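S.K.: Structure below; questions to follow.
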Amino acid sequence: MSRSRPVEGRLEAMAIYENLLEGPPPTHLPDDPGPRELLAAGAAPAEVAAEYPASSLAWAQLADDAFANGQIVESYAYARTGYHRGLDALRRSGWKGHGPVPFEHEPNRGFLRALHALARAAKAIGEEEEYQRCSTFLRDSSPTAADTLG
């Protein structure tokens, strides 16, 4: 089965190849305002994570707070939880392991913050390979997030 066809002496790729060359479309996680609203109202991040354990945002906030308090290992653990919860959510939203995860879409920010927090904590505990991998993943997913959070 041919996926190309001759056109005026040259081959023209079908639309499937054009889409592949452009890359996957951006992934936009569904909005779940509950955790965001609770955190904005001053709820304790641990309570929000307990009520919404799938929320990357709650885990990212826990990671940020722990890091700010010098609790680097705890920050790493919280960030890793938020990162994996975010990967689960991305996959449920059709993400295939690569492609844009725009920071401009607010529901994506919890995952991106957790990814940033994981990179930061990995660097702080000397996990250079993980730091590099997470930093690259963040920049590849959202240059805006990498610039804003970094």
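Letters for chains follow the order of the structure tokens (A, B, ...), residue numbers begin at 1 for each chain, and ligand numbers begin at 1 in the order shown.
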List as CSV every residue of stretch 59-97 of chain A that is in contact with stretch 44-47 of chain A, defined as an atom at most 10 Å from one of its atoms (using only C-alpha atoms), together with the nearest atom pair and the distance in Å rounded to one decimal, sorted by chain and then rising number.
M.R.:
residue,atom,partner,partner_atom,distance
A:Trp59,CA,A:Pro45,CA,7.5
A:Ala60,CA,A:Pro45,CA,9.0
A:Gln61,CA,A:Pro45,CA,6.3
A:Leu62,CA,A:Pro45,CA,5.8
A:Ala63,CA,A:Pro45,CA,9.6
A:Asp65,CA,A:Pro45,CA,8.8
S.K.: Write out as a count of residues only each polymer residue whose atoms come within 8 Å of A:Pro26, counting only C-alpha atoms; drop sequence neighbours fewer than 2 positions from it.
M.R.: 6
S.K.: From the set A:Glu22, A:Glu74, A:Pro35, A:Leu29, which residue has the shortest atom-to-atom contact distance to A:Leu87, counting only C-alpha atoms?
M.R.: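 Under the stated criterion, the closest residue is A:Leu29.
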S.K.: What is the distance between atom CA of A:Ser135 and atom CA of A:Leu115, in Å to one decimal?
M.R.: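 Separation between atom CA of A:Ser135 and atom CA of A:Leu115: 8.0 Å.
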S.K.: Would you pick out the contacts of A:Asp147 at 12 Å or less, using only C-alpha atoms, so that residues sharing its chain but fewer than 4 positions from it are not included, and give the list as a VMD selection string?
M.R.: chain A and resid 103 112 to 113 116 135 138 to 143
S.K.: For a test of reading the model, state the distance in Å between atom CA of A:Phe67 and atom CA of A:Arg36, rounded to one decimal.
M.R.: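 Computing it gives 20.0 Å between the two atoms.
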S.K.: Give the strand (DSSP E or B) residues of chain A, as DSSP finds them on the backbone, and put them as an MDAnalysis selection string.
M.R.: chainID A and resid 4:7 10:13
S.K.: Any idea what's packed within 10 Å of A:Ala124, counting only C-alpha atoms, ignoring anything in its chain fewer than 3 positions away? Could you give it as JSON, numbers by chain?
M.R.: {"A": [67, 72, 73, 76, 118, 119, 120, 121, 127, 128, 131]}
S.K.: Go ahead and write the residues just picked, all heavy atoms, as a short mmCIF file (atom, residue, chain, number, x, y, z; two decimals), in the first residue's frame.
M.R.:
data_model
loop_
_atom_site.label_atom_id
_atom_site.label_comp_id
_atom_site.auth_asym_id
_atom_site.auth_seq_id
_atom_site.Cartn_x
_atom_site.Cartn_y
_atom_site.Cartn_z
N PHE A 67 10.70 22.09 50.37
CA PHE A 67 11.99 22.58 49.89
C PHE A 67 12.34 23.91 50.56
O PHE A 67 13.47 24.11 51.00
CB PHE A 67 11.97 22.74 48.36
CG PHE A 67 13.34 22.89 47.77
CD1 PHE A 67 14.09 21.78 47.44
CD2 PHE A 67 13.87 24.15 47.53
CE1 PHE A 67 15.36 21.92 46.90
CE2 PHE A 67 15.13 24.30 46.99
CZ PHE A 67 15.89 23.17 46.66
N ILE A 72 14.62 18.58 52.01
CA ILE A 72 14.88 18.24 50.62
C ILE A 72 14.38 16.84 50.26
O ILE A 72 13.77 16.66 49.20
CB ILE A 72 16.39 18.37 50.30
CG1 ILE A 72 16.91 19.76 50.71
CG2 ILE A 72 16.66 18.09 48.83
CD1 ILE A 72 16.15 20.93 50.14
N VAL A 73 14.61 15.87 51.12
CA VAL A 73 14.16 14.51 50.82
C VAL A 73 12.64 14.46 50.78
O VAL A 73 12.06 13.81 49.89
CB VAL A 73 14.74 13.50 51.84
CG1 VAL A 73 14.13 12.12 51.67
CG2 VAL A 73 16.26 13.43 51.70
N TYR A 76 11.52 15.97 47.56
CA TYR A 76 11.72 15.01 46.48
C TYR A 76 10.56 14.01 46.43
O TYR A 76 10.00 13.73 45.36
CB TYR A 76 13.06 14.30 46.69
CG TYR A 76 13.40 13.28 45.64
CD1 TYR A 76 14.06 13.64 44.48
CD2 TYR A 76 13.07 11.93 45.82
CE1 TYR A 76 14.40 12.70 43.52
CE2 TYR A 76 13.40 11.00 44.87
CZ TYR A 76 14.05 11.38 43.72
OH TYR A 76 14.37 10.44 42.77
N LEU A 118 10.63 18.24 41.13
CA LEU A 118 11.40 17.01 41.11
C LEU A 118 12.82 17.27 40.60
O LEU A 118 13.79 16.78 41.17
CB LEU A 118 10.69 15.95 40.26
CG LEU A 118 11.34 14.58 40.20
CD1 LEU A 118 11.53 13.98 41.59
CD2 LEU A 118 10.51 13.65 39.32
N ALA A 119 12.94 18.06 39.55
CA ALA A 119 14.27 18.41 39.04
C ALA A 119 15.08 19.14 40.10
O ALA A 119 16.25 18.81 40.35
CB ALA A 119 14.14 19.26 37.78
N ARG A 120 14.46 20.11 40.75
CA ARG A 120 15.14 20.91 41.77
C ARG A 120 15.61 20.04 42.93
O ARG A 120 16.76 20.14 43.37
CB ARG A 120 14.18 22.00 42.26
CG ARG A 120 14.71 22.89 43.35
CD ARG A 120 13.64 23.83 43.86
NE ARG A 120 12.54 23.05 44.42
CZ ARG A 120 11.29 23.49 44.51
NH1 ARG A 120 10.96 24.69 44.09
NH2 ARG A 120 10.36 22.73 45.03
N ALA A 121 14.74 19.17 43.43
CA ALA A 121 15.10 18.30 44.56
C ALA A 121 16.15 17.27 44.14
O ALA A 121 17.05 16.95 44.91
CB ALA A 121 13.86 17.62 45.12
N GLU A 127 21.32 13.84 42.50
CA GLU A 127 20.85 12.95 41.42
C GLU A 127 20.95 13.70 40.09
O GLU A 127 19.95 14.13 39.52
CB GLU A 127 19.41 12.52 41.69
CG GLU A 127 19.27 11.49 42.77
CD GLU A 127 19.69 10.12 42.30
OE1 GLU A 127 19.70 9.85 41.08
OE2 GLU A 127 20.02 9.29 43.16
N GLU A 128 22.16 13.88 39.60
CA GLU A 128 22.41 14.70 38.41
C GLU A 128 21.68 14.18 37.17
O GLU A 128 21.12 14.95 36.40
CB GLU A 128 23.90 14.81 38.15
CG GLU A 128 24.27 15.77 37.04
CD GLU A 128 23.88 17.22 37.31
OE1 GLU A 128 23.84 17.64 38.48
OE2 GLU A 128 23.61 17.94 36.33
N TYR A 131 18.08 15.01 37.50
CA TYR A 131 17.94 16.46 37.34
C TYR A 131 17.96 16.84 35.86
O TYR A 131 17.10 17.59 35.39
CB TYR A 131 19.05 17.21 38.10
CG TYR A 131 19.20 18.64 37.65
CD1 TYR A 131 18.23 19.59 37.98
CD2 TYR A 131 20.29 19.04 36.89
CE1 TYR A 131 18.35 20.90 37.56
CE2 TYR A 131 20.41 20.35 36.47
CZ TYR A 131 19.44 21.27 36.80
OH TYR A 131 19.56 22.57 36.37
#
S.K.: If you run DSSP over the backbone, which residues in chain A end up helix (DSSP H, G or I)? Put them as a VMD selection string.
M.R.: chain A and resid 15 to 22 33 to 40 45 to 51 56 to 68 72 to 92 106 to 124 128 to 141 143 to 149
S.K.: Atom CA of A:Ala58 to atom CA of A:Gly110: how many Å, to one decimal?
M.R.: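 The value is 7.4 Å.
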S.K.: Of the candidates A:Gly94, A:Glu130, A:Ala117, A:Ala41, which shows the shortest atom-to-atom distance to A:Ala66, using only C-alpha atoms?
M.R.: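 Among the listed residues, A:Ala117 lies closest to A:Ala66.
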S.K.: So which one's closest to A:Tyr78, A:Pro53, A:Pro33, A:Gly150, A:Gly97? Using only C-alpha atoms, please.
M.R.: A:Pro53
